[in-house]
Amino acid sequence: MKIVVLIENSVGVLIPTGLTGEHGLSLWIEHEEYNLLFDTGQTGKVVENALRLGIDLKKTDAIVLSHGHYDHTGGLKKVLEFIRKPINIYAHRDIYSLHYALEDYYVGIPFRRETLEGLGANFEWIKEPFEIFPNIWVSGEIPRKTTFEKMDPRLYVKRNGQKLPDPILDDMSLFIKTDKGLVIILGCAHSGVVNIIEYAKEVTKEERIYGIIGGTHLSSASGDQIEETLIYFAKLDFSILVANHCTGLKVASKFKEIFGNKFRFGTTGEIITI
Ligand SMILES: [Fe+2]
Ligand SMILES: [Fe+2]
């Protein structure tokens, strides 16, 4: 299995690749005979990055959207224009709820559904866990069970003209079962990284966690949440943690300090082979 960080906030590769970073996330996942594109970054720069990394996006078998935020869906139009074929997009319907942040910034998907469908998108709406390919599950809605994982108070949703706290029910992850245990792929982990890991075990009936890869949304979390999450990870038996995007450098450095070589920051261009 191979996972490539096609785009995230930073670029850290040693050799001159011409890769671009941007606030956002997109991962390329090759598992058995399937190729998945998980999120598309913010602007579509992901297409050029993929070319530079020698990845043929035309070989994408399915696209999975972790949630509707613009930094995960904003590249979708350029991706579809590039791959030029009908393709299944697995997402939760609430990617189209009116996601806002701070005073009045729209932070949702920047394209109309019809525009994307005109470019070949076939939306498959997911609410419950769904095995899209053998041993690859899209999580569906993540049950919020922990007491310390709180929603980001800066985010809200507009419904019938009202501003309501945004539960981001569209937040989904990928659970991939491998011989070594589970590999859990996070978008922004708005539902809480601990909730996601616990749900992955429940859904897949696999207790062994091999790796956790993606955004943990701890950059803006409270001190309590960060501490409880670190305690949870310290007790968790895992082999690799490749965090990036909304993890934040403060928490990333904590991860490095505690988990040493099990941790690395997944910058744009990072290749994870499992
Ligand atoms: Fe997000
Ligand atoms: Fe994000």
# chains A, B, ... in the order shown; residues from 1 in each chain; ligands from 1

$ residues_near_ligand --ligand "ligand 1" --cutoff "9 Å" --atoms "only C-alpha atoms and all ligand atoms" --output "list in words"
Gly24, Ser66, His67, Gly68, His69, Tyr70, Asp71, His72, Val107, Gly108, Ile168, Asp171, Gly187, Cys188, Ala189, His190, His217 and Cys246 of chain A

$ write_last_selection --atoms "all heavy atoms" --output "short mmCIF file (atom, residue, chain, number, x, y, z; two decimals), in the first residue's frame"
data_model
loop_
_atom_site.label_atom_id
_atom_site.label_comp_id
_atom_site.auth_asym_id
_atom_site.auth_seq_id
_atom_site.Cartn_x
_atom_site.Cartn_y
_atom_site.Cartn_z
N GLY A 24 -4.69 23.09 2.93
CA GLY A 24 -5.64 22.11 2.43
C GLY A 24 -5.03 20.72 2.54
O GLY A 24 -3.95 20.54 3.12
N SER A 66 -13.58 14.08 2.50
CA SER A 66 -13.66 13.95 3.96
C SER A 66 -14.73 14.85 4.55
O SER A 66 -15.32 14.53 5.56
CB SER A 66 -12.31 14.26 4.59
OG SER A 66 -12.01 15.63 4.47
N HIS A 67 -14.97 15.99 3.94
CA HIS A 67 -16.04 16.91 4.35
C HIS A 67 -16.09 18.05 3.34
O HIS A 67 -15.28 18.09 2.41
CB HIS A 67 -15.84 17.40 5.79
CG HIS A 67 -14.61 18.21 6.05
ND1 HIS A 67 -13.35 17.77 5.77
CD2 HIS A 67 -14.44 19.44 6.59
CE1 HIS A 67 -12.46 18.68 6.12
NE2 HIS A 67 -13.09 19.71 6.63
N GLY A 68 -17.01 18.98 3.54
CA GLY A 68 -17.24 19.97 2.50
C GLY A 68 -16.32 21.18 2.51
O GLY A 68 -16.36 21.98 1.57
N HIS A 69 -15.50 21.36 3.53
CA HIS A 69 -14.69 22.58 3.60
C HIS A 69 -13.85 22.80 2.34
O HIS A 69 -13.34 21.85 1.75
CB HIS A 69 -13.79 22.54 4.84
CG HIS A 69 -14.51 22.91 6.11
ND1 HIS A 69 -14.09 22.53 7.36
CD2 HIS A 69 -15.65 23.65 6.29
CE1 HIS A 69 -14.93 23.02 8.26
NE2 HIS A 69 -15.88 23.69 7.65
N TYR A 70 -13.73 24.09 2.00
CA TYR A 70 -13.11 24.49 0.73
C TYR A 70 -11.67 23.99 0.58
O TYR A 70 -11.20 23.77 -0.54
CB TYR A 70 -13.11 26.02 0.62
CG TYR A 70 -12.12 26.68 1.56
CD1 TYR A 70 -10.88 27.15 1.10
CD2 TYR A 70 -12.39 26.78 2.91
CE1 TYR A 70 -9.96 27.70 1.97
CE2 TYR A 70 -11.48 27.33 3.79
CZ TYR A 70 -10.27 27.78 3.32
OH TYR A 70 -9.35 28.31 4.18
N ASP A 71 -10.98 23.80 1.71
CA ASP A 71 -9.58 23.39 1.61
C ASP A 71 -9.43 21.89 1.31
O ASP A 71 -8.33 21.39 1.12
CB ASP A 71 -8.80 23.78 2.88
CG ASP A 71 -9.43 23.28 4.16
OD1 ASP A 71 -10.67 23.32 4.29
OD2 ASP A 71 -8.68 22.83 5.05
N HIS A 72 -10.59 21.18 1.25
CA HIS A 72 -10.58 19.75 0.90
C HIS A 72 -11.32 19.49 -0.41
O HIS A 72 -11.13 18.45 -1.04
CB HIS A 72 -11.19 18.92 2.03
CG HIS A 72 -10.43 19.04 3.31
ND1 HIS A 72 -9.65 18.03 3.82
CD2 HIS A 72 -10.27 20.09 4.16
CE1 HIS A 72 -9.06 18.45 4.93
NE2 HIS A 72 -9.43 19.70 5.16
N VAL A 107 -17.06 28.84 4.01
CA VAL A 107 -15.90 27.93 3.91
C VAL A 107 -16.32 26.57 3.35
O VAL A 107 -15.61 25.58 3.52
CB VAL A 107 -15.19 27.76 5.28
CG1 VAL A 107 -14.52 29.04 5.71
CG2 VAL A 107 -16.15 27.26 6.37
N GLY A 108 -17.48 26.54 2.69
CA GLY A 108 -17.95 25.27 2.15
C GLY A 108 -17.43 24.99 0.75
O GLY A 108 -16.54 25.69 0.24
N ILE A 168 -20.61 19.60 11.66
CA ILE A 168 -19.85 18.99 10.55
C ILE A 168 -20.09 17.48 10.50
O ILE A 168 -19.16 16.68 10.59
CB ILE A 168 -18.35 19.33 10.61
CG1 ILE A 168 -18.17 20.81 10.98
CG2 ILE A 168 -17.66 19.04 9.26
CD1 ILE A 168 -16.74 21.28 10.98
N ASP A 171 -18.08 15.14 8.27
CA ASP A 171 -16.70 14.72 8.51
C ASP A 171 -16.59 13.19 8.48
O ASP A 171 -17.16 12.50 9.32
CB ASP A 171 -16.23 15.24 9.88
CG ASP A 171 -14.79 14.87 10.14
OD1 ASP A 171 -13.94 15.16 9.28
OD2 ASP A 171 -14.50 14.24 11.18
N GLY A 187 -9.31 13.42 7.31
CA GLY A 187 -9.34 14.67 6.55
C GLY A 187 -8.93 15.78 7.49
O GLY A 187 -7.76 16.16 7.58
N CYS A 188 -9.92 16.28 8.23
CA CYS A 188 -9.63 17.32 9.24
C CYS A 188 -9.94 16.81 10.63
O CYS A 188 -9.71 17.52 11.61
CB CYS A 188 -10.48 18.55 8.97
SG CYS A 188 -9.51 19.95 8.42
N ALA A 189 -10.50 15.61 10.75
CA ALA A 189 -10.85 15.04 12.06
C ALA A 189 -11.72 15.99 12.90
O ALA A 189 -11.55 16.10 14.11
CB ALA A 189 -9.60 14.64 12.84
N HIS A 190 -12.67 16.65 12.25
CA HIS A 190 -13.53 17.55 13.01
C HIS A 190 -14.32 16.81 14.07
O HIS A 190 -14.71 17.40 15.07
CB HIS A 190 -14.49 18.28 12.07
CG HIS A 190 -13.84 19.35 11.25
ND1 HIS A 190 -13.37 20.51 11.81
CD2 HIS A 190 -13.56 19.43 9.93
CE1 HIS A 190 -12.85 21.27 10.87
NE2 HIS A 190 -12.93 20.63 9.71
N HIS A 217 -6.83 18.09 13.39
CA HIS A 217 -7.56 19.27 13.89
C HIS A 217 -7.22 19.62 15.34
O HIS A 217 -8.09 19.99 16.13
CB HIS A 217 -9.07 19.12 13.71
CG HIS A 217 -9.74 20.47 13.56
ND1 HIS A 217 -9.58 21.25 12.44
CD2 HIS A 217 -10.49 21.21 14.40
CE1 HIS A 217 -10.22 22.39 12.60
NE2 HIS A 217 -10.78 22.40 13.79
N CYS A 246 -4.17 20.40 9.57
CA CYS A 246 -4.69 21.12 10.74
C CYS A 246 -4.17 20.57 12.06
O CYS A 246 -4.76 20.83 13.11
CB CYS A 246 -6.21 21.06 10.70
SG CYS A 246 -6.79 19.38 10.44
#

$ residues_around --residues "stretch 38-47 of chain A" --least-positions-apart "3" --cutoff "9 Å" --atoms "only C-alpha atoms" --output "VMD selection string"
chain A and resid 6 to 8 19 to 29 50 to 52 57 62 to 67 69 to 79 82 174 185 187

$ select_by_dssp --residues "stretch 76-260 of chain A" --states "strand (DSSP E or B)" --output "MDAnalysis selection string"
chainID A and resid 87:91 98:101 105:106 121:125 130:133 136:138 155:159 162:165 174:178 181:186 209:215 240:244

$ select_by_dssp --residues "stretch 26-165 of chain A" --states "alpha helix (DSSP H)" --output "PyMOL selection string"
chain A and resi 45-52+70-73+76-83+113-118

$ closest_residue --among "A:Gly269, A:Gly120, A:Gly161, A:Gly192" --to "A:Arg144" --atoms "only C-alpha atoms"
A:Gly192

$ residues_around --residues "stretch 230-237 of chain A" --least-positions-apart "3" --cutoff "10 Å" --atoms "only C-alpha atoms" --output "MDAnalysis selection string"
chainID A and resid 193:194 197 207:211 224:227 240:241 251 254:255 258:259

$ decode --residues "stretch 41-101 of chain A" --atoms "C-alpha atoms" --output "tab-separated table (two decimals), in the first residue's frame"
chain	number	residue	atom	x	y	z
A	41	GLY	CA	-6.89	20.48	-1.66
A	42	GLN	CA	-7.99	24.09	-2.09
A	43	THR	CA	-7.20	25.34	-5.59
A	44	GLY	CA	-6.53	22.50	-8.01
A	45	LYS	CA	-2.74	22.76	-7.68
A	46	VAL	CA	-3.03	19.12	-6.73
A	47	VAL	CA	-3.25	18.24	-10.44
A	48	GLU	CA	0.18	19.70	-11.19
A	49	ASN	CA	1.66	18.21	-8.03
A	50	ALA	CA	0.41	14.76	-9.02
A	51	LEU	CA	2.05	15.12	-12.46
A	52	ARG	CA	5.33	16.16	-10.84
A	53	LEU	CA	5.13	13.18	-8.49
A	54	GLY	CA	4.55	10.79	-11.40
A	55	ILE	CA	1.01	9.98	-10.31
A	56	ASP	CA	-1.60	9.58	-13.01
A	57	LEU	CA	-4.86	10.99	-11.65
A	58	LYS	CA	-6.61	9.53	-14.70
A	59	LYS	CA	-6.16	6.17	-12.96
A	60	THR	CA	-8.34	7.28	-10.02
A	61	ASP	CA	-10.99	4.62	-9.32
A	62	ALA	CA	-12.98	6.75	-6.85
A	63	ILE	CA	-12.81	10.05	-5.04
A	64	VAL	CA	-13.63	10.35	-1.34
A	65	LEU	CA	-14.36	13.73	0.24
A	66	SER	CA	-13.66	13.95	3.96
A	67	HIS	CA	-16.04	16.91	4.35
A	68	GLY	CA	-17.24	19.97	2.50
A	69	HIS	CA	-14.69	22.58	3.60
A	70	TYR	CA	-13.11	24.49	0.73
A	71	ASP	CA	-9.58	23.39	1.61
A	72	HIS	CA	-10.58	19.75	0.90
A	73	THR	CA	-13.01	20.23	-1.98
A	74	GLY	CA	-11.73	23.34	-3.80
A	75	GLY	CA	-9.57	21.30	-6.17
A	76	LEU	CA	-12.42	19.06	-7.26
A	77	LYS	CA	-13.35	20.93	-10.43
A	78	LYS	CA	-9.79	20.95	-11.78
A	79	VAL	CA	-9.38	17.28	-10.88
A	80	LEU	CA	-12.56	16.33	-12.76
A	81	GLU	CA	-11.54	18.48	-15.75
A	82	PHE	CA	-8.23	16.65	-15.80
A	83	ILE	CA	-9.43	13.07	-15.41
A	84	ARG	CA	-12.27	13.54	-17.91
A	85	LYS	CA	-14.29	10.44	-17.11
A	86	PRO	CA	-17.37	9.57	-15.05
A	87	ILE	CA	-16.28	8.88	-11.50
A	88	ASN	CA	-17.90	7.97	-8.19
A	89	ILE	CA	-17.44	10.55	-5.44
A	90	TYR	CA	-18.18	9.25	-1.96
A	91	ALA	CA	-19.25	11.99	0.42
A	92	HIS	CA	-21.82	12.90	3.06
A	93	ARG	CA	-24.75	15.02	1.90
A	94	ASP	CA	-23.82	17.75	4.37
A	95	ILE	CA	-20.86	18.73	2.22
A	96	TYR	CA	-23.57	20.94	0.75
A	97	SER	CA	-24.75	22.45	4.02
A	98	LEU	CA	-23.79	26.12	4.38
A	99	HIS	CA	-20.50	25.91	6.27
A	100	TYR	CA	-19.22	29.25	7.60
A	101	ALA	CA	-16.34	30.41	9.79
